[in-house]
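Participant: Can you keep this structure in mind? I'll have questions shortly.
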Amino acid sequence: MPKTVLIVDDAVFMRNMLKDIFAAGGDFQVVGEASNGVEAVEKHKELKPNLTTMDIVMPFKSGIEATKEILLENPKGVIVMCSALGQESLVMEAIEAGAADFIVKPFKAEDVLAVVRKVLGEG
Amino acid sequence: MDMSKYRALFVTESREHLEGISKALLTLEKTPADRPALDALFRHAHSIKGMAASMGYDPVATMAHKLEDLADMARRGVPFDAEAVELWLEGGDWLGDAVSLVEGGREADLALPTLMQRILGKAAQMTAAAPGAGSTTFPNLAAVRAPSGTTQPSLPVTAAAGTTDARLPAVAAAPSATPTGSLPAVGPQATVMLPAVGAGPGGTQPTLTLSAVGPREFDVEVRISESAATPHVRAFLVHKRVTEKLEVVQMTPPLADLKRGTLPERRLRMRVRGTLDAVSIQSMIKALTDVADCLVTDTEKPAPAAATAPGPRPAPADLAARTVRVRTELLDELIDSVGEILLARARLHALSIRLDDPDLGDLADEFNRFAQGLHERVMSARMHPVSLLTDRLPRVVRDLAKKRGREVDFTVEGTNIELDRAMLDELHDVVLHLVRNAVDHAHEGGEARVAAGKPATMHLTLAASRDRDHVLIELHDDGQGMDPERLRASAIDKGVITAEAARLLSDQQALELICRPGFSTAQEVSDTSGRGVGMDVVLSTVEHLGGQLLIQSVVGKGTSFTLRLPLTVAIIRVLLVSAGPTDAVYALPLHRVESALDFQPAELLHSHGETLYPLGDEIAPVHDLGPLLGHAVEPWPASGTVVVIETPFRPLGVRVDRILGQQEVVVKPLGMPLSQVPYLSGAAVLADGRPAYILDVAKLIAVTPQSAHREVA
């Protein structure tokens, strides 16, 4: 049974890249996408994915806020932050809020897969 | 979600961040590239942004966000110039005002200032100056995504309906502000800088086993992989995961350092306590991304291969993580409860004596010890370092000195001296006023100073120190000093005092004239020290706190103001007296009582409608407490005691029927309408359970017409 994934990022470029990475991974199924934090919270509630990748700086609601809200509602949610260099403090904030792990942009497919497999207990 | 309950926390924490910003900016003004200061700016702005956004204070979040961008660009190597510092200072001020609006429940009035345009302009300029601007295709932190022709703030700006000025001006005007934003590129090497994963052997999901024994302590050393792009964040994640299963007793580097981005040698050392065994801890940590190695040593077993000898247990380094935030009101309630306990203690003691029961006496003594201990602890919880008061002052001095074109070297000493929180709150305006006064009035101006043979820079020192059960806060300047003769003349001019009275004042008393209401020696009312709080308010605040204000000044040499303050205010010692036909008990704050004399009606003097009495070396007005409090006016009684009360300008005598003794009482604030009575400063429940009003005698006399007195019978 493939793990379901929700991709949250405001850039289509990034979303497509992540979709490709998960497709290549074989054991994942991207079930939804969100382009901002508000959408992310809604989609997470609706789709209850096994895993969510979360961009940090997004319009309307940051990935941090979205992460906090999602985890408040669903503490078992597994969220991996997608950060850029320079967002360390934001990443730590997300970790404090309960994010499972993080990846640093620009990322490579095998690293993304390794991290998400670890947090899903398949490492 | 109801956010209103977070408002107070938002206000408090934002102010802390704003102080942090102030400090960082002072550093940056001197050292524009100071990385820790830039990091601090970024972090504080980010925190305010996060809180404001959570609260829905969008203009605040937007301002913090844009300021954060400026700091972030500076962190990436774009010079942080004087203009950037200035914009930050102004932005910080705006944020301060915004926080005050929020505090006053006026968040609907929040609207972005025009300053925002200048900040955005600066951001665009810094973006253009950024090395490799626009060469990355990744969206990043400072990116302001503004599709051509539209204005889209990166944070929602949902100001009150109709306030269009809360909208962000377009940024896209700057040609370089491409969608890739204002961050410089990560650089070509970044494309291969990737976290390597799976360094740990096995990589199997650890099975966490509970050991049969109770909690044990372990030393854990974790090395983060060389390939991890942000090792300190990795370490932070390790710490977080560990805290989910174990108690972290101590950590090197401390959490605060990790948050600041420090992880020397990519190594994290922790002393942990819990019921897991060493193998489980190790496999749990090794399963985390980018953990290159992990060594776990049981502290209770000899550890032959342990890289770090445990040694004596170090002091908890991450104290910040071990503190909790408590509302000041809660502390007030706590002190109230402790006060009740102290009073019960006194009653218990009295009871044990009355019943003459040795067991009860022992119990009373024990109770006494516990109550004292509790009292001390609660009091210490209310103590805060003076830095709370002084942290923002360097900025105030800097701004004001700049405005006046004067040079001031401002030093703060003894900031770790602690004072009751309630007192610090009240002293804020007082200290601010004194400091501003010094820059405004004590400073002669650079040229005049040089002409007088002094360096152009005025030295201003604020020093806090402990003097037994008092705290001294001294502000000293080497400015022009105050001339008693000029003060006398000025006071006469302003009608504060008659020429005759002025002549009688000693030079020291003349200095004290500046504390009279309506007095100000400033040639002109300046926009800072000339308005709002005056020296009269400074004096009355200090006295209200049970403190004293000492003024020393030498013409041409300088002035110092010394505030002598009790450590705490909530519990005071009072002199209990009785007065009036009902033998009612009143409490006079002991710190205002100078002495007590036997009342001799024959010594009463009458002059110009005032009744005077010899109080030690001086002859000063005397009043009878009973009539003052509205009891029937009768001729002066033949006996009693005159209590000599200190007031700012001369002593006062108050005749009371009897002195009942001294007592430590908890001051309870009065409710309406009694709180409106100016001469009642509070109430207290006495050890025997009777209530007593605490009187402010000076005020009582001020509000009572000089009518109560008449000739001796």
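If you're wondering about the labels, chains in the structure tokens are A, B, ... by order shown, residues count from 1 in each chain, ligands from 1 in order shown.
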Select from chain A every residue with an atom at most 7 Å from any atom of chain B, then for each give the shortest pair of atoms and their distance in Å to one decimal, using only C-alpha atoms, rows by chain and rising number, as CSV.
Facilitator:
```
residue,atom,partner,partner_atom,distance
A:Val57,CA,B:Leu141,CA,6.1
A:Pro59,CA,B:Ser154,CA,4.9
A:Phe60,CA,B:Pro156,CA,5.2
A:Ala84,CA,B:Asn140,CA,6.7
A:Glu88,CA,B:Val233,CA,6.3
A:Ser89,CA,B:Lys259,CA,6.5
A:Met92,CA,B:Val233,CA,6.3
A:Ile95,CA,B:Leu237,CA,6.5
A:Pro106,CA,B:Thr191,CA,6.1
A:Phe107,CA,B:Leu194,CA,6.3
A:Lys108,CA,B:Leu194,CA,6.9
A:Asp111,CA,B:Val197,CA,6.2
A:Ala114,CA,B:Val197,CA,6.3
A:Val115,CA,B:Thr289,CA,6.5
A:Gly121,CA,B:Gln205,CA,6.2
A:Gly123,CA,B:Gly203,CA,6.0
```
Participant: Next, dump the selected residues to file, keeping only N, CA and C atoms, as an mmCIF file, in the first residue's frame.
Facilitator:
```cif
data_model
loop_
_atom_site.group_PDB
_atom_site.id
_atom_site.type_symbol
_atom_site.label_atom_id
_atom_site.label_comp_id
_atom_site.auth_asym_id
_atom_site.auth_seq_id
_atom_site.Cartn_x
_atom_site.Cartn_y
_atom_site.Cartn_z
ATOM 1 N N VAL A 57 7.792 29.686 3.477
ATOM 2 C CA VAL A 57 7.257 31.018 3.192
ATOM 3 C C VAL A 57 6.237 30.926 2.069
ATOM 4 N N PRO A 59 2.235 32.636 0.713
ATOM 5 C CA PRO A 59 1.245 33.688 0.979
ATOM 6 C C PRO A 59 0.108 33.182 1.862
ATOM 7 N N PHE A 60 -0.558 34.104 2.462
ATOM 8 C CA PHE A 60 -1.773 33.881 3.283
ATOM 9 C C PHE A 60 -1.496 33.172 4.598
ATOM 10 N N ALA A 84 14.847 26.593 2.864
ATOM 11 C CA ALA A 84 16.013 27.067 2.127
ATOM 12 C C ALA A 84 17.055 27.451 3.161
ATOM 13 N N GLU A 88 16.833 28.664 8.970
ATOM 14 C CA GLU A 88 17.087 27.756 10.076
ATOM 15 C C GLU A 88 16.163 27.993 11.254
ATOM 16 N N SER A 89 16.006 29.274 11.586
ATOM 17 C CA SER A 89 15.189 29.537 12.770
ATOM 18 C C SER A 89 13.739 29.135 12.520
ATOM 19 N N MET A 92 13.505 25.440 12.903
ATOM 20 C CA MET A 92 13.497 25.041 14.313
ATOM 21 C C MET A 92 12.136 25.324 14.940
ATOM 22 N N ILE A 95 10.018 22.532 13.936
ATOM 23 C CA ILE A 95 10.345 21.324 14.712
ATOM 24 C C ILE A 95 9.743 21.425 16.104
ATOM 25 N N PRO A 106 18.443 23.536 -2.377
ATOM 26 C CA PRO A 106 17.829 22.678 -3.407
ATOM 27 C C PRO A 106 18.064 21.212 -3.086
ATOM 28 N N PHE A 107 17.058 20.397 -3.282
ATOM 29 C CA PHE A 107 17.257 19.004 -2.857
ATOM 30 C C PHE A 107 17.385 18.010 -4.003
ATOM 31 N N LYS A 108 17.884 16.871 -3.594
ATOM 32 C CA LYS A 108 18.135 15.795 -4.534
ATOM 33 C C LYS A 108 17.162 14.671 -4.208
ATOM 34 N N ASP A 111 17.802 12.097 -1.424
ATOM 35 C CA ASP A 111 17.792 12.621 -0.059
ATOM 36 C C ASP A 111 16.366 12.829 0.433
ATOM 37 N N ALA A 114 15.004 9.483 1.234
ATOM 38 C CA ALA A 114 15.595 8.908 2.442
ATOM 39 C C ALA A 114 14.971 9.529 3.693
ATOM 40 N N VAL A 115 14.817 10.853 3.682
ATOM 41 C CA VAL A 115 14.247 11.534 4.845
ATOM 42 C C VAL A 115 12.804 11.099 5.069
ATOM 43 N N GLY A 121 9.139 5.646 9.167
ATOM 44 C CA GLY A 121 9.505 4.396 9.830
ATOM 45 C C GLY A 121 9.854 3.308 8.854
ATOM 46 N N GLY A 123 12.811 3.646 7.117
ATOM 47 C CA GLY A 123 14.215 3.898 6.833
ATOM 48 C C GLY A 123 15.026 2.626 6.859
#
```
Participant: Give me the residues within 10 Å of B:Pro484 as a PDB file with N, CA and C atoms, in the first residue's frame, counting only C-alpha atoms and dropping any in the same chain fewer than 4 places off.
Facilitator:
```pdb
ATOM      1  N   ARG B 488      16.507  79.451  42.736  1.00  0.00           N
ATOM      2  CA  ARG B 488      15.698  80.316  43.623  1.00  0.00           C
ATOM      3  C   ARG B 488      14.990  81.377  42.796  1.00  0.00           C
ATOM      4  N   ALA B 489      15.777  82.032  41.935  1.00  0.00           N
ATOM      5  CA  ALA B 489      15.222  83.121  41.123  1.00  0.00           C
ATOM      6  C   ALA B 489      14.093  82.598  40.257  1.00  0.00           C
ATOM      7  N   SER B 490      14.348  81.461  39.670  1.00  0.00           N
ATOM      8  CA  SER B 490      13.366  80.887  38.764  1.00  0.00           C
ATOM      9  C   SER B 490      12.089  80.520  39.512  1.00  0.00           C
ATOM     10  N   LEU B 505      15.854  79.214  52.096  1.00  0.00           N
ATOM     11  CA  LEU B 505      16.222  77.856  51.687  1.00  0.00           C
ATOM     12  C   LEU B 505      17.732  77.686  51.657  1.00  0.00           C
ATOM     13  N   SER B 506      18.189  76.551  52.167  1.00  0.00           N
ATOM     14  CA  SER B 506      19.602  76.225  52.007  1.00  0.00           C
ATOM     15  C   SER B 506      19.843  75.892  50.540  1.00  0.00           C
ATOM     16  N   ASP B 507      21.098  75.811  50.141  1.00  0.00           N
ATOM     17  CA  ASP B 507      21.399  75.471  48.758  1.00  0.00           C
ATOM     18  C   ASP B 507      20.812  74.102  48.404  1.00  0.00           C
ATOM     19  N   GLN B 508      20.913  73.170  49.356  1.00  0.00           N
ATOM     20  CA  GLN B 508      20.370  71.837  49.125  1.00  0.00           C
ATOM     21  C   GLN B 508      18.864  71.921  48.917  1.00  0.00           C
ATOM     22  N   GLN B 509      18.193  72.701  49.752  1.00  0.00           N
ATOM     23  CA  GLN B 509      16.746  72.838  49.604  1.00  0.00           C
ATOM     24  C   GLN B 509      16.396  73.515  48.289  1.00  0.00           C
ATOM     25  N   ALA B 510      17.292  74.412  47.845  1.00  0.00           N
ATOM     26  CA  ALA B 510      17.049  75.090  46.571  1.00  0.00           C
ATOM     27  C   ALA B 510      17.079  74.078  45.417  1.00  0.00           C
ATOM     28  N   LEU B 511      17.995  73.120  45.533  1.00  0.00           N
ATOM     29  CA  LEU B 511      18.049  72.082  44.492  1.00  0.00           C
ATOM     30  C   LEU B 511      16.730  71.321  44.433  1.00  0.00           C
ATOM     31  N   GLU B 512      16.161  71.136  45.614  1.00  0.00           N
ATOM     32  CA  GLU B 512      14.928  70.361  45.684  1.00  0.00           C
ATOM     33  C   GLU B 512      13.730  71.108  45.109  1.00  0.00           C
ATOM     34  N   LEU B 513      13.938  72.410  44.857  1.00  0.00           N
ATOM     35  CA  LEU B 513      12.851  73.188  44.245  1.00  0.00           C
ATOM     36  C   LEU B 513      12.427  72.605  42.908  1.00  0.00           C
ATOM     37  N   SER B 553      24.390  68.411  43.349  1.00  0.00           N
ATOM     38  CA  SER B 553      24.818  69.079  42.128  1.00  0.00           C
ATOM     39  C   SER B 553      25.910  70.082  42.446  1.00  0.00           C
ATOM     40  N   VAL B 554      26.898  70.158  41.583  1.00  0.00           N
ATOM     41  CA  VAL B 554      27.945  71.155  41.715  1.00  0.00           C
ATOM     42  C   VAL B 554      28.015  71.904  40.398  1.00  0.00           C
ATOM     43  N   VAL B 555      27.910  73.231  40.480  1.00  0.00           N
ATOM     44  CA  VAL B 555      27.916  74.026  39.257  1.00  0.00           C
ATOM     45  C   VAL B 555      29.199  73.755  38.477  1.00  0.00           C
TER      46      VAL B 555
END
```
Participant: Quick one: everything within 12 Å of A:Val116, counting only C-alpha atoms, minus sequence neighbours fewer than 5 positions away in the same chain. Send it as a tab-separated table (two decimals) with C-alpha atoms, in the first residue's frame.
Facilitator:
```
chain	number	residue	atom	x	y	z
A	3	LYS	CA	1.97	6.09	1.37
A	4	THR	CA	-0.23	9.07	0.58
A	5	VAL	CA	1.47	12.44	0.22
A	18	LEU	CA	8.49	16.88	-5.66
A	21	ILE	CA	10.60	12.61	-6.95
A	22	PHE	CA	7.75	10.77	-5.22
A	25	GLY	CA	10.27	6.58	-5.35
A	27	ASP	CA	5.99	3.54	-2.92
A	28	PHE	CA	4.29	6.94	-2.70
A	50	ASN	CA	0.49	9.78	5.57
A	51	LEU	CA	2.99	12.51	4.81
A	52	THR	CA	2.97	16.23	4.05
A	53	THR	CA	5.83	18.23	2.59
A	78	VAL	CA	3.81	13.65	9.66
A	79	ILE	CA	5.14	16.89	8.21
A	80	VAL	CA	8.51	17.39	6.56
A	81	MET	CA	9.53	21.01	6.17
A	82	CYS	CA	11.02	22.14	2.87
A	99	ALA	CA	7.38	18.84	12.35
A	100	ALA	CA	8.94	15.42	11.85
A	101	ASP	CA	11.98	16.43	9.84
A	102	PHE	CA	13.19	18.86	7.22
A	103	ILE	CA	14.94	18.96	3.89
A	109	ALA	CA	15.66	13.00	-5.08
A	110	GLU	CA	17.44	10.35	-3.06
A	111	ASP	CA	17.79	12.62	-0.06
A	121	GLY	CA	9.50	4.40	9.83
A	122	GLU	CA	10.64	2.72	6.68
A	123	GLY	CA	14.21	3.90	6.83
B	197	VAL	CA	21.38	10.39	4.53
B	198	GLY	CA	21.77	7.03	6.10
B	288	LEU	CA	17.58	10.37	12.80
B	289	THR	CA	18.67	12.01	9.57
```
Participant: A:Asn16: which residues within 12 Å, counting only C-alpha atoms, same-chain residues fewer than 3 positions away excluded, as a ChimeraX atom specification?
Facilitator: /A:7-13,19-23,30,32-35
Participant: May I ask which of the residues A:Met14, A:Leu47, A:Val38, A:Ala94 is the closest one to A:Ile64, counting only C-alpha atoms?
Facilitator: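 Among the listed residues, the smallest separation from A:Ile64 belongs to A:Ala94.
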Participant: Which residues in stretch 33-123 of chain A does DSSP call strand (DSSP E)? List them as a PDB file with C-alpha atoms, in the first residue's frame.
Facilitator:
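Okay, this is what ended up in states.pdb:
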```
ATOM      1  CA  GLU A  33      -1.335  19.737  -3.577  1.00  0.00           C
ATOM      2  CA  ALA A  34      -1.710  23.064  -1.843  1.00  0.00           C
ATOM      3  CA  LEU A  51       2.994  12.511   4.813  1.00  0.00           C
ATOM      4  CA  THR A  52       2.973  16.230   4.054  1.00  0.00           C
ATOM      5  CA  THR A  53       5.832  18.231   2.589  1.00  0.00           C
ATOM      6  CA  MET A  54       5.567  21.841   3.692  1.00  0.00           C
ATOM      7  CA  ASP A  55       7.150  24.927   2.190  1.00  0.00           C
ATOM      8  CA  ILE A  79       5.142  16.895   8.214  1.00  0.00           C
ATOM      9  CA  VAL A  80       8.510  17.394   6.557  1.00  0.00           C
ATOM     10  CA  MET A  81       9.533  21.011   6.170  1.00  0.00           C
ATOM     11  CA  CYS A  82      11.022  22.143   2.865  1.00  0.00           C
ATOM     12  CA  SER A  83      13.404  24.926   3.756  1.00  0.00           C
ATOM     13  CA  ASP A 101      11.977  16.434   9.841  1.00  0.00           C
ATOM     14  CA  PHE A 102      13.190  18.862   7.220  1.00  0.00           C
ATOM     15  CA  ILE A 103      14.943  18.956   3.886  1.00  0.00           C
ATOM     16  CA  VAL A 104      17.056  21.809   2.608  1.00  0.00           C
TER      17      VAL A 104
END
```
Participant: Using only C-alpha atoms, which residues sit within 12 Å of A:Glu69 once same-chain residues fewer than 3 positions away are excluded, as number ranges by chain?
Facilitator: A: 37-42, 44-45, 61-66, 72-75, 77, 79, 94, 97-99; B: 1, 54
Participant: Can you spit out the residues from that selection as a JSON list (two decimals), in the first residue's frame, using C-alpha atoms?
Facilitator:
```json
[["chain", "number", "residue", "atom", "x", "y", "z"],
["A", 37, "GLY", "CA", -0.89, 27.48, 4.20],
["A", 38, "VAL", "CA", -4.65, 27.96, 4.28],
["A", 39, "GLU", "CA", -5.15, 25.42, 1.54],
["A", 40, "ALA", "CA", -2.69, 23.12, 3.22],
["A", 41, "VAL", "CA", -4.72, 23.05, 6.43],
["A", 42, "GLU", "CA", -7.94, 22.38, 4.51],
["A", 44, "HIS", "CA", -4.78, 17.98, 5.21],
["A", 45, "LYS", "CA", -8.09, 17.79, 7.02],
["A", 61, "LYS", "CA", -0.41, 31.47, 5.81],
["A", 62, "SER", "CA", 3.17, 30.39, 6.27],
["A", 63, "GLY", "CA", 4.18, 26.77, 6.33],
["A", 64, "ILE", "CA", 5.03, 27.20, 9.98],
["A", 65, "GLU", "CA", 1.55, 28.36, 10.87],
["A", 66, "ALA", "CA", 0.03, 25.66, 8.69],
["A", 72, "LEU", "CA", -2.90, 20.91, 16.68],
["A", 73, "GLU", "CA", -5.77, 19.21, 14.92],
["A", 74, "ASN", "CA", -3.96, 16.01, 14.12],
["A", 75, "PRO", "CA", -0.90, 15.46, 16.34],
["A", 77, "GLY", "CA", 0.37, 14.13, 11.17],
["A", 79, "ILE", "CA", 5.14, 16.89, 8.21],
["A", 94, "ALA", "CA", 8.50, 24.08, 12.87],
["A", 97, "ALA", "CA", 5.73, 22.78, 16.70],
["A", 98, "GLY", "CA", 6.11, 19.10, 15.92],
["A", 99, "ALA", "CA", 7.38, 18.84, 12.35],
["B", 1, "MET", "CA", -10.02, 30.41, 17.98],
["B", 54, "SER", "CA", -1.06, 34.63, 14.59]]
```
